[in-house]
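Peer 1: File protein.cif follows (mmCIF, N, CA and C atoms, pLDDT in the B column; chains and numbers go by the auth columns):
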data_coords
#
loop_
_atom_site.group_PDB
_atom_site.id
_atom_site.type_symbol
_atom_site.label_atom_id
_atom_site.label_comp_id
_atom_site.label_asym_id
_atom_site.label_seq_id
_atom_site.Cartn_x
_atom_site.Cartn_y
_atom_site.Cartn_z
_atom_site.B_iso_or_equiv
_atom_site.auth_seq_id
_atom_site.auth_asym_id
ATOM 1 N N MET A 1 0.811 -1.177 0.000 51.00 1 A
ATOM 2 C CA MET A 1 0.000 0.000 0.000 51.00 1 A
ATOM 3 C C MET A 1 0.865 1.255 0.000 51.00 1 A
ATOM 4 N N TYR A 2 1.767 1.428 1.008 51.00 2 A
ATOM 5 C CA TYR A 2 2.682 2.555 1.056 51.00 2 A
ATOM 6 C C TYR A 2 4.056 2.083 0.627 51.00 2 A
ATOM 7 N N LYS A 3 4.655 2.832 -0.326 60.00 3 A
ATOM 8 C CA LYS A 3 5.924 2.405 -0.879 60.00 3 A
ATOM 9 C C LYS A 3 7.111 2.808 -0.010 60.00 3 A
ATOM 10 N N THR A 4 7.064 3.994 0.571 62.00 4 A
ATOM 11 C CA THR A 4 8.182 4.453 1.411 62.00 4 A
ATOM 12 C C THR A 4 7.635 4.960 2.737 62.00 4 A
ATOM 13 N N ASP A 5 8.567 5.231 3.644 59.00 5 A
ATOM 14 C CA ASP A 5 8.168 5.767 4.949 59.00 5 A
ATOM 15 C C ASP A 5 7.628 7.194 4.822 59.00 5 A
ATOM 16 N N ASN A 6 8.064 7.920 3.798 66.00 6 A
ATOM 17 C CA ASN A 6 7.613 9.302 3.623 66.00 6 A
ATOM 18 C C ASN A 6 6.137 9.365 3.228 66.00 6 A
ATOM 19 N N ASP A 7 5.619 8.313 2.656 64.00 7 A
ATOM 20 C CA ASP A 7 4.227 8.296 2.215 64.00 7 A
ATOM 21 C C ASP A 7 3.258 8.002 3.352 64.00 7 A
ATOM 22 N N LEU A 8 3.770 7.583 4.522 60.00 8 A
ATOM 23 C CA LEU A 8 2.906 7.234 5.639 60.00 8 A
ATOM 24 C C LEU A 8 2.184 8.466 6.158 60.00 8 A
ATOM 25 N N PRO A 9 0.928 8.325 6.550 59.00 9 A
ATOM 26 C CA PRO A 9 0.226 9.464 7.148 59.00 9 A
ATOM 27 C C PRO A 9 0.893 9.853 8.463 59.00 9 A
ATOM 28 N N LYS A 10 0.862 11.107 8.780 72.00 10 A
ATOM 29 C CA LYS A 10 1.575 11.621 9.956 72.00 10 A
ATOM 30 C C LYS A 10 0.707 11.644 11.198 72.00 10 A
ATOM 31 N N GLY A 11 -0.531 11.308 11.101 80.00 11 A
ATOM 32 C CA GLY A 11 -1.386 11.303 12.276 80.00 11 A
ATOM 33 C C GLY A 11 -2.456 12.369 12.179 80.00 11 A
ATOM 34 N N TRP A 12 -3.140 12.569 13.282 77.00 12 A
ATOM 35 C CA TRP A 12 -4.269 13.501 13.319 77.00 12 A
ATOM 36 C C TRP A 12 -3.764 14.931 13.301 77.00 12 A
ATOM 37 N N VAL A 13 -4.375 15.764 12.484 76.00 13 A
ATOM 38 C CA VAL A 13 -4.021 17.183 12.403 76.00 13 A
ATOM 39 C C VAL A 13 -5.150 17.984 13.029 76.00 13 A
ATOM 40 N N LYS A 14 -4.797 18.815 13.985 79.00 14 A
ATOM 41 C CA LYS A 14 -5.799 19.617 14.675 79.00 14 A
ATOM 42 C C LYS A 14 -6.380 20.645 13.704 79.00 14 A
ATOM 43 N N PRO A 15 -7.692 20.703 13.610 83.00 15 A
ATOM 44 C CA PRO A 15 -8.299 21.689 12.718 83.00 15 A
ATOM 45 C C PRO A 15 -8.073 23.110 13.242 83.00 15 A
ATOM 46 N N VAL A 16 -7.901 24.021 12.302 82.00 16 A
ATOM 47 C CA VAL A 16 -7.674 25.412 12.672 82.00 16 A
ATOM 48 C C VAL A 16 -8.933 26.193 12.342 82.00 16 A
ATOM 49 N N ALA A 17 -9.392 26.976 13.315 87.00 17 A
ATOM 50 C CA ALA A 17 -10.613 27.753 13.121 87.00 17 A
ATOM 51 C C ALA A 17 -10.348 28.902 12.165 87.00 17 A
ATOM 52 N N LYS A 18 -11.362 29.256 11.395 91.00 18 A
ATOM 53 C CA LYS A 18 -11.244 30.399 10.493 91.00 18 A
ATOM 54 C C LYS A 18 -11.176 31.670 11.337 91.00 18 A
ATOM 55 N N PRO A 19 -10.376 32.625 10.897 92.00 19 A
ATOM 56 C CA PRO A 19 -10.318 33.867 11.673 92.00 19 A
ATOM 57 C C PRO A 19 -11.633 34.639 11.563 92.00 19 A
ATOM 58 N N THR A 20 -11.993 35.266 12.661 95.00 20 A
ATOM 59 C CA THR A 20 -13.213 36.076 12.670 95.00 20 A
ATOM 60 C C THR A 20 -12.844 37.507 12.311 95.00 20 A
ATOM 61 N N PRO A 21 -13.811 38.310 11.929 95.00 21 A
ATOM 62 C CA PRO A 21 -13.506 39.715 11.622 95.00 21 A
ATOM 63 C C PRO A 21 -12.844 40.439 12.802 95.00 21 A
ATOM 64 N N GLU A 22 -13.257 40.101 14.013 96.00 22 A
ATOM 65 C CA GLU A 22 -12.684 40.753 15.194 96.00 22 A
ATOM 66 C C GLU A 22 -11.203 40.386 15.367 96.00 22 A
ATOM 67 N N THR A 23 -10.895 39.102 15.163 95.00 23 A
ATOM 68 C CA THR A 23 -9.491 38.699 15.308 95.00 23 A
ATOM 69 C C THR A 23 -8.648 39.302 14.196 95.00 23 A
ATOM 70 N N LEU A 24 -9.213 39.416 13.006 96.00 24 A
ATOM 71 C CA LEU A 24 -8.472 40.042 11.907 96.00 24 A
ATOM 72 C C LEU A 24 -8.219 41.523 12.193 96.00 24 A
ATOM 73 N N ARG A 25 -9.234 42.204 12.732 97.00 25 A
ATOM 74 C CA ARG A 25 -9.060 43.624 13.079 97.00 25 A
ATOM 75 C C ARG A 25 -8.006 43.794 14.165 97.00 25 A
ATOM 76 N N ALA A 26 -8.016 42.903 15.143 97.00 26 A
ATOM 77 C CA ALA A 26 -7.017 42.968 16.210 97.00 26 A
ATOM 78 C C ALA A 26 -5.615 42.732 15.650 97.00 26 A
ATOM 79 N N ARG A 27 -5.495 41.779 14.759 96.00 27 A
ATOM 80 C CA ARG A 27 -4.193 41.482 14.134 96.00 27 A
ATOM 81 C C ARG A 27 -3.707 42.671 13.306 96.00 27 A
ATOM 82 N N ILE A 28 -4.615 43.295 12.576 97.00 28 A
ATOM 83 C CA ILE A 28 -4.255 44.466 11.779 97.00 28 A
ATOM 84 C C ILE A 28 -3.782 45.596 12.696 97.00 28 A
ATOM 85 N N ALA A 29 -4.465 45.791 13.813 97.00 29 A
ATOM 86 C CA ALA A 29 -4.060 46.825 14.768 97.00 29 A
ATOM 87 C C ALA A 29 -2.656 46.535 15.313 97.00 29 A
ATOM 88 N N GLU A 30 -2.378 45.263 15.639 97.00 30 A
ATOM 89 C CA GLU A 30 -1.044 44.884 16.122 97.00 30 A
ATOM 90 C C GLU A 30 0.015 45.171 15.063 97.00 30 A
ATOM 91 N N LEU A 31 -0.287 44.789 13.828 97.00 31 A
ATOM 92 C CA LEU A 31 0.676 44.991 12.744 97.00 31 A
ATOM 93 C C LEU A 31 0.902 46.483 12.481 97.00 31 A
ATOM 94 N N ARG A 32 -0.149 47.280 12.584 98.00 32 A
ATOM 95 C CA ARG A 32 0.012 48.730 12.395 98.00 32 A
ATOM 96 C C ARG A 32 0.889 49.321 13.487 98.00 32 A
ATOM 97 N N THR A 33 0.745 48.830 14.708 97.00 33 A
ATOM 98 C CA THR A 33 1.592 49.299 15.802 97.00 33 A
ATOM 99 C C THR A 33 3.044 48.936 15.531 97.00 33 A
ATOM 100 N N GLU A 34 3.273 47.689 15.108 98.00 34 A
ATOM 101 C CA GLU A 34 4.639 47.258 14.771 98.00 34 A
ATOM 102 C C GLU A 34 5.202 48.096 13.624 98.00 34 A
ATOM 103 N N LEU A 35 4.368 48.381 12.640 98.00 35 A
ATOM 104 C CA LEU A 35 4.801 49.173 11.495 98.00 35 A
ATOM 105 C C LEU A 35 5.183 50.582 11.927 98.00 35 A
ATOM 106 N N ALA A 36 4.385 51.183 12.795 97.00 36 A
ATOM 107 C CA ALA A 36 4.684 52.536 13.271 97.00 36 A
ATOM 108 C C ALA A 36 6.023 52.553 14.017 97.00 36 A
ATOM 109 N N GLU A 37 6.266 51.530 14.839 97.00 37 A
ATOM 110 C CA GLU A 37 7.538 51.448 15.561 97.00 37 A
ATOM 111 C C GLU A 37 8.700 51.290 14.593 97.00 37 A
ATOM 112 N N ALA A 38 8.535 50.428 13.593 97.00 38 A
ATOM 113 C CA ALA A 38 9.597 50.199 12.609 97.00 38 A
ATOM 114 C C ALA A 38 9.859 51.459 11.783 97.00 38 A
ATOM 115 N N GLU A 39 8.786 52.175 11.428 98.00 39 A
ATOM 116 C CA GLU A 39 8.969 53.414 10.672 98.00 39 A
ATOM 117 C C GLU A 39 9.699 54.456 11.507 98.00 39 A
ATOM 118 N N GLY A 40 9.404 54.506 12.814 97.00 40 A
ATOM 119 C CA GLY A 40 10.112 55.426 13.708 97.00 40 A
ATOM 120 C C GLY A 40 11.593 55.099 13.776 97.00 40 A
ATOM 121 N N GLN A 41 11.911 53.825 13.885 97.00 41 A
ATOM 122 C CA GLN A 41 13.314 53.403 13.905 97.00 41 A
ATOM 123 C C GLN A 41 13.999 53.749 12.594 97.00 41 A
ATOM 124 N N LEU A 42 13.292 53.562 11.486 97.00 42 A
ATOM 125 C CA LEU A 42 13.850 53.882 10.175 97.00 42 A
ATOM 126 C C LEU A 42 14.136 55.369 10.061 97.00 42 A
ATOM 127 N N ARG A 43 13.203 56.210 10.518 97.00 43 A
ATOM 128 C CA ARG A 43 13.432 57.664 10.479 97.00 43 A
ATOM 129 C C ARG A 43 14.652 58.052 11.293 97.00 43 A
ATOM 130 N N GLU A 44 14.803 57.447 12.476 97.00 44 A
ATOM 131 C CA GLU A 44 15.969 57.734 13.310 97.00 44 A
ATOM 132 C C GLU A 44 17.255 57.325 12.601 97.00 44 A
ATOM 133 N N MET A 45 17.245 56.150 11.968 97.00 45 A
ATOM 134 C CA MET A 45 18.433 55.674 11.256 97.00 45 A
ATOM 135 C C MET A 45 18.761 56.581 10.077 97.00 45 A
ATOM 136 N N GLU A 46 17.727 56.990 9.335 97.00 46 A
ATOM 137 C CA GLU A 46 17.951 57.868 8.189 97.00 46 A
ATOM 138 C C GLU A 46 18.491 59.217 8.642 97.00 46 A
ATOM 139 N N GLU A 47 17.937 59.750 9.726 96.00 47 A
ATOM 140 C CA GLU A 47 18.401 61.041 10.247 96.00 47 A
ATOM 141 C C GLU A 47 19.854 60.930 10.701 96.00 47 A
ATOM 142 N N GLY A 48 20.192 59.837 11.364 96.00 48 A
ATOM 143 C CA GLY A 48 21.573 59.623 11.794 96.00 48 A
ATOM 144 C C GLY A 48 22.524 59.531 10.618 96.00 48 A
ATOM 145 N N ALA A 49 22.124 58.814 9.581 97.00 49 A
ATOM 146 C CA ALA A 49 22.966 58.678 8.387 97.00 49 A
ATOM 147 C C ALA A 49 23.118 60.026 7.688 97.00 49 A
ATOM 148 N N ARG A 50 22.041 60.803 7.649 96.00 50 A
ATOM 149 C CA ARG A 50 22.085 62.119 7.011 96.00 50 A
ATOM 150 C C ARG A 50 23.030 63.044 7.766 96.00 50 A
ATOM 151 N N LEU A 51 22.919 63.059 9.087 96.00 51 A
ATOM 152 C CA LEU A 51 23.795 63.908 9.891 96.00 51 A
ATOM 153 C C LEU A 51 25.255 63.472 9.763 96.00 51 A
ATOM 154 N N GLU A 52 25.477 62.164 9.722 97.00 52 A
ATOM 155 C CA GLU A 52 26.836 61.650 9.563 97.00 52 A
ATOM 156 C C GLU A 52 27.423 62.092 8.222 97.00 52 A
ATOM 157 N N ALA A 53 26.627 62.044 7.166 96.00 53 A
ATOM 158 C CA ALA A 53 27.090 62.478 5.845 96.00 53 A
ATOM 159 C C ALA A 53 27.392 63.973 5.847 96.00 53 A
ATOM 160 N N LEU A 54 26.540 64.759 6.504 94.00 54 A
ATOM 161 C CA LEU A 54 26.782 66.206 6.573 94.00 54 A
ATOM 162 C C LEU A 54 28.079 66.515 7.308 94.00 54 A
ATOM 163 N N VAL A 55 28.344 65.796 8.378 96.00 55 A
ATOM 164 C CA VAL A 55 29.583 66.006 9.129 96.00 55 A
ATOM 165 C C VAL A 55 30.796 65.663 8.264 96.00 55 A
ATOM 166 N N LYS A 56 30.706 64.563 7.525 96.00 56 A
ATOM 167 C CA LYS A 56 31.818 64.174 6.650 96.00 56 A
ATOM 168 C C LYS A 56 32.069 65.230 5.585 96.00 56 A
ATOM 169 N N VAL A 57 30.982 65.717 4.972 94.00 57 A
ATOM 170 C CA VAL A 57 31.130 66.747 3.936 94.00 57 A
ATOM 171 C C VAL A 57 31.734 68.011 4.532 94.00 57 A
ATOM 172 N N ARG A 58 31.236 68.424 5.670 93.00 58 A
ATOM 173 C CA ARG A 58 31.762 69.635 6.318 93.00 58 A
ATOM 174 C C ARG A 58 33.241 69.473 6.640 93.00 58 A
ATOM 175 N N ASN A 59 33.632 68.312 7.142 96.00 59 A
ATOM 176 C CA ASN A 59 35.042 68.078 7.471 96.00 59 A
ATOM 177 C C ASN A 59 35.916 68.088 6.221 96.00 59 A
ATOM 178 N N LEU A 60 35.419 67.500 5.125 95.00 60 A
ATOM 179 C CA LEU A 60 36.178 67.527 3.876 95.00 60 A
ATOM 180 C C LEU A 60 36.299 68.944 3.338 95.00 60 A
ATOM 181 N N MET A 61 35.213 69.717 3.451 93.00 61 A
ATOM 182 C CA MET A 61 35.272 71.101 2.990 93.00 61 A
ATOM 183 C C MET A 61 36.294 71.894 3.797 93.00 61 A
ATOM 184 N N ARG A 62 36.333 71.668 5.094 95.00 62 A
ATOM 185 C CA ARG A 62 37.324 72.356 5.931 95.00 62 A
ATOM 186 C C ARG A 62 38.738 71.913 5.581 95.00 62 A
ATOM 187 N N ALA A 63 38.911 70.614 5.374 96.00 63 A
ATOM 188 C CA ALA A 63 40.249 70.087 5.087 96.00 63 A
ATOM 189 C C ALA A 63 40.792 70.651 3.779 96.00 63 A
ATOM 190 N N PHE A 64 39.931 70.820 2.782 93.00 64 A
ATOM 191 C CA PHE A 64 40.379 71.321 1.485 93.00 64 A
ATOM 192 C C PHE A 64 40.082 72.808 1.293 93.00 64 A
ATOM 193 N N GLU A 65 39.629 73.456 2.375 94.00 65 A
ATOM 194 C CA GLU A 65 39.334 74.893 2.384 94.00 65 A
ATOM 195 C C GLU A 65 38.389 75.283 1.256 94.00 65 A
ATOM 196 N N LEU A 66 37.283 74.565 1.167 91.00 66 A
ATOM 197 C CA LEU A 66 36.280 74.818 0.136 91.00 66 A
ATOM 198 C C LEU A 66 35.103 75.579 0.728 91.00 66 A
ATOM 199 N N THR A 67 34.468 76.382 -0.098 89.00 67 A
ATOM 200 C CA THR A 67 33.249 77.087 0.294 89.00 67 A
ATOM 201 C C THR A 67 32.097 76.526 -0.531 89.00 67 A
ATOM 202 N N PRO A 68 30.864 76.802 -0.134 87.00 68 A
ATOM 203 C CA PRO A 68 29.737 76.342 -0.957 87.00 68 A
ATOM 204 C C PRO A 68 29.817 76.883 -2.390 87.00 68 A
ATOM 205 N N ALA A 69 30.351 78.092 -2.561 86.00 69 A
ATOM 206 C CA ALA A 69 30.484 78.653 -3.911 86.00 69 A
ATOM 207 C C ALA A 69 31.465 77.824 -4.744 86.00 69 A
ATOM 208 N N ASP A 70 32.522 77.288 -4.100 88.00 70 A
ATOM 209 C CA ASP A 70 33.476 76.442 -4.819 88.00 70 A
ATOM 210 C C ASP A 70 32.813 75.182 -5.348 88.00 70 A
ATOM 211 N N LEU A 71 31.792 74.730 -4.661 85.00 71 A
ATOM 212 C CA LEU A 71 31.082 73.512 -5.068 85.00 71 A
ATOM 213 C C LEU A 71 29.954 73.808 -6.045 85.00 71 A
ATOM 214 N N GLY A 72 29.781 75.080 -6.385 86.00 72 A
ATOM 215 C CA GLY A 72 28.730 75.453 -7.326 86.00 72 A
ATOM 216 C C GLY A 72 27.372 75.554 -6.686 86.00 72 A
ATOM 217 N N LEU A 73 27.340 75.667 -5.373 84.00 73 A
ATOM 218 C CA LEU A 73 26.064 75.775 -4.677 84.00 73 A
ATOM 219 C C LEU A 73 25.670 77.241 -4.589 84.00 73 A
ATOM 220 N N VAL A 74 24.397 77.508 -4.804 78.00 74 A
ATOM 221 C CA VAL A 74 23.894 78.872 -4.678 78.00 74 A
ATOM 222 C C VAL A 74 22.971 78.913 -3.468 78.00 74 A
ATOM 223 N N PRO A 75 22.931 80.045 -2.796 75.00 75 A
ATOM 224 C CA PRO A 75 22.043 80.127 -1.630 75.00 75 A
ATOM 225 C C PRO A 75 20.582 79.943 -2.045 75.00 75 A
ATOM 226 N N ALA A 76 19.837 79.289 -1.198 70.00 76 A
ATOM 227 C CA ALA A 76 18.418 79.058 -1.468 70.00 76 A
ATOM 228 C C ALA A 76 17.664 80.373 -1.339 70.00 76 A
ATOM 229 N N ALA A 77 16.590 80.499 -2.110 69.00 77 A
ATOM 230 C CA ALA A 77 15.765 81.692 -2.024 69.00 77 A
ATOM 231 C C ALA A 77 15.148 81.775 -0.637 69.00 77 A
ATOM 232 N N LYS A 78 15.099 82.985 -0.113 74.00 78 A
ATOM 233 C CA LYS A 78 14.572 83.173 1.241 74.00 78 A
ATOM 234 C C LYS A 78 13.062 82.940 1.285 74.00 78 A
ATOM 235 N N ARG A 79 12.372 83.373 0.218 71.00 79 A
ATOM 236 C CA ARG A 79 10.915 83.299 0.226 71.00 79 A
ATOM 237 C C ARG A 79 10.440 82.870 -1.154 71.00 79 A
ATOM 238 N N ARG A 80 9.477 81.986 -1.176 72.00 80 A
ATOM 239 C CA ARG A 80 8.904 81.546 -2.442 72.00 80 A
ATOM 240 C C ARG A 80 7.517 82.160 -2.608 72.00 80 A
ATOM 241 N N GLY A 81 7.069 82.200 -3.825 73.00 81 A
ATOM 242 C CA GLY A 81 5.722 82.703 -4.072 73.00 81 A
ATOM 243 C C GLY A 81 5.762 84.105 -4.632 73.00 81 A
ATOM 244 N N ARG A 82 4.623 84.754 -4.563 75.00 82 A
ATOM 245 C CA ARG A 82 4.497 86.103 -5.101 75.00 82 A
ATOM 246 C C ARG A 82 5.263 87.097 -4.257 75.00 82 A
ATOM 247 N N PRO A 83 5.850 88.122 -4.901 72.00 83 A
ATOM 248 C CA PRO A 83 6.505 89.159 -4.106 72.00 83 A
ATOM 249 C C PRO A 83 5.470 89.963 -3.318 72.00 83 A
ATOM 250 N N ARG A 84 5.906 90.548 -2.229 72.00 84 A
ATOM 251 C CA ARG A 84 5.006 91.333 -1.388 72.00 84 A
ATOM 252 C C ARG A 84 4.592 92.614 -2.107 72.00 84 A
ATOM 253 N N LYS A 85 3.405 93.083 -1.752 77.00 85 A
ATOM 254 C CA LYS A 85 2.937 94.352 -2.300 77.00 85 A
ATOM 255 C C LYS A 85 3.613 95.488 -1.538 77.00 85 A
ATOM 256 N N ASN A 86 4.007 96.492 -2.263 77.00 86 A
ATOM 257 C CA ASN A 86 4.533 97.687 -1.592 77.00 86 A
ATOM 258 C C ASN A 86 3.387 98.512 -1.089 77.00 86 A
ATOM 259 N N SER A 87 3.523 99.035 0.118 67.00 87 A
ATOM 260 C CA SER A 87 2.420 99.784 0.715 67.00 87 A
ATOM 261 C C SER A 87 2.364 101.219 0.201 67.00 87 A
ATOM 262 N N GLY A 88 3.308 101.627 -0.623 56.00 88 A
ATOM 263 C CA GLY A 88 3.303 103.031 -1.053 56.00 88 A
ATOM 264 C C GLY A 88 3.000 103.265 -2.449 56.00 88 A
#
Just dump the structure as structure tokens.
Peer 2:
Amino acid sequence: MYKTDNDLPKGWVKPVAKPTPETLRARIAELRTELAEAEGQLREMEEGARLEALVKVRNLMRAFELTPADLGLVPAAKRRGRPRKNSG
């Protein structure tokens, strides 16, 4: 009947109940909490990496006595949008 030991039935398998809408909602809430925590950790890591890169760039600029103008950087505009109306 059975050719190898792998073909033998493994025994009784406990039936698993279908998830209810309430259990699914609870699971989704748990996963959203985990996601929020992971996103917070990611933001912290990204901010740390960004600050580390800025420090490296600043140190290289100091070492080679470079200014932002030497790198072709122009100052950002102070204000965007329409110019102010003159009151006179």
Peer 1: How many Å separate atom C of Thr33 of chain A from atom C of Val16 of chain A?
Peer 2: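 We find that atom C of Thr33 of chain A and atom C of Val16 of chain A lie 25.9 Å from each other.
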Peer 1: Mind giving me the straight-line distance from atom CA of Asn59 of chain A to atom C of Glu46 of chain A in Å, one decimal?
Peer 2: 18.8 Å
Peer 1: Quick check, in Å to one decimal: how far apart do atom CA of Arg58 of chain A and atom CA of Gly72 of chain A lie?
Peer 2: 15.1 Å
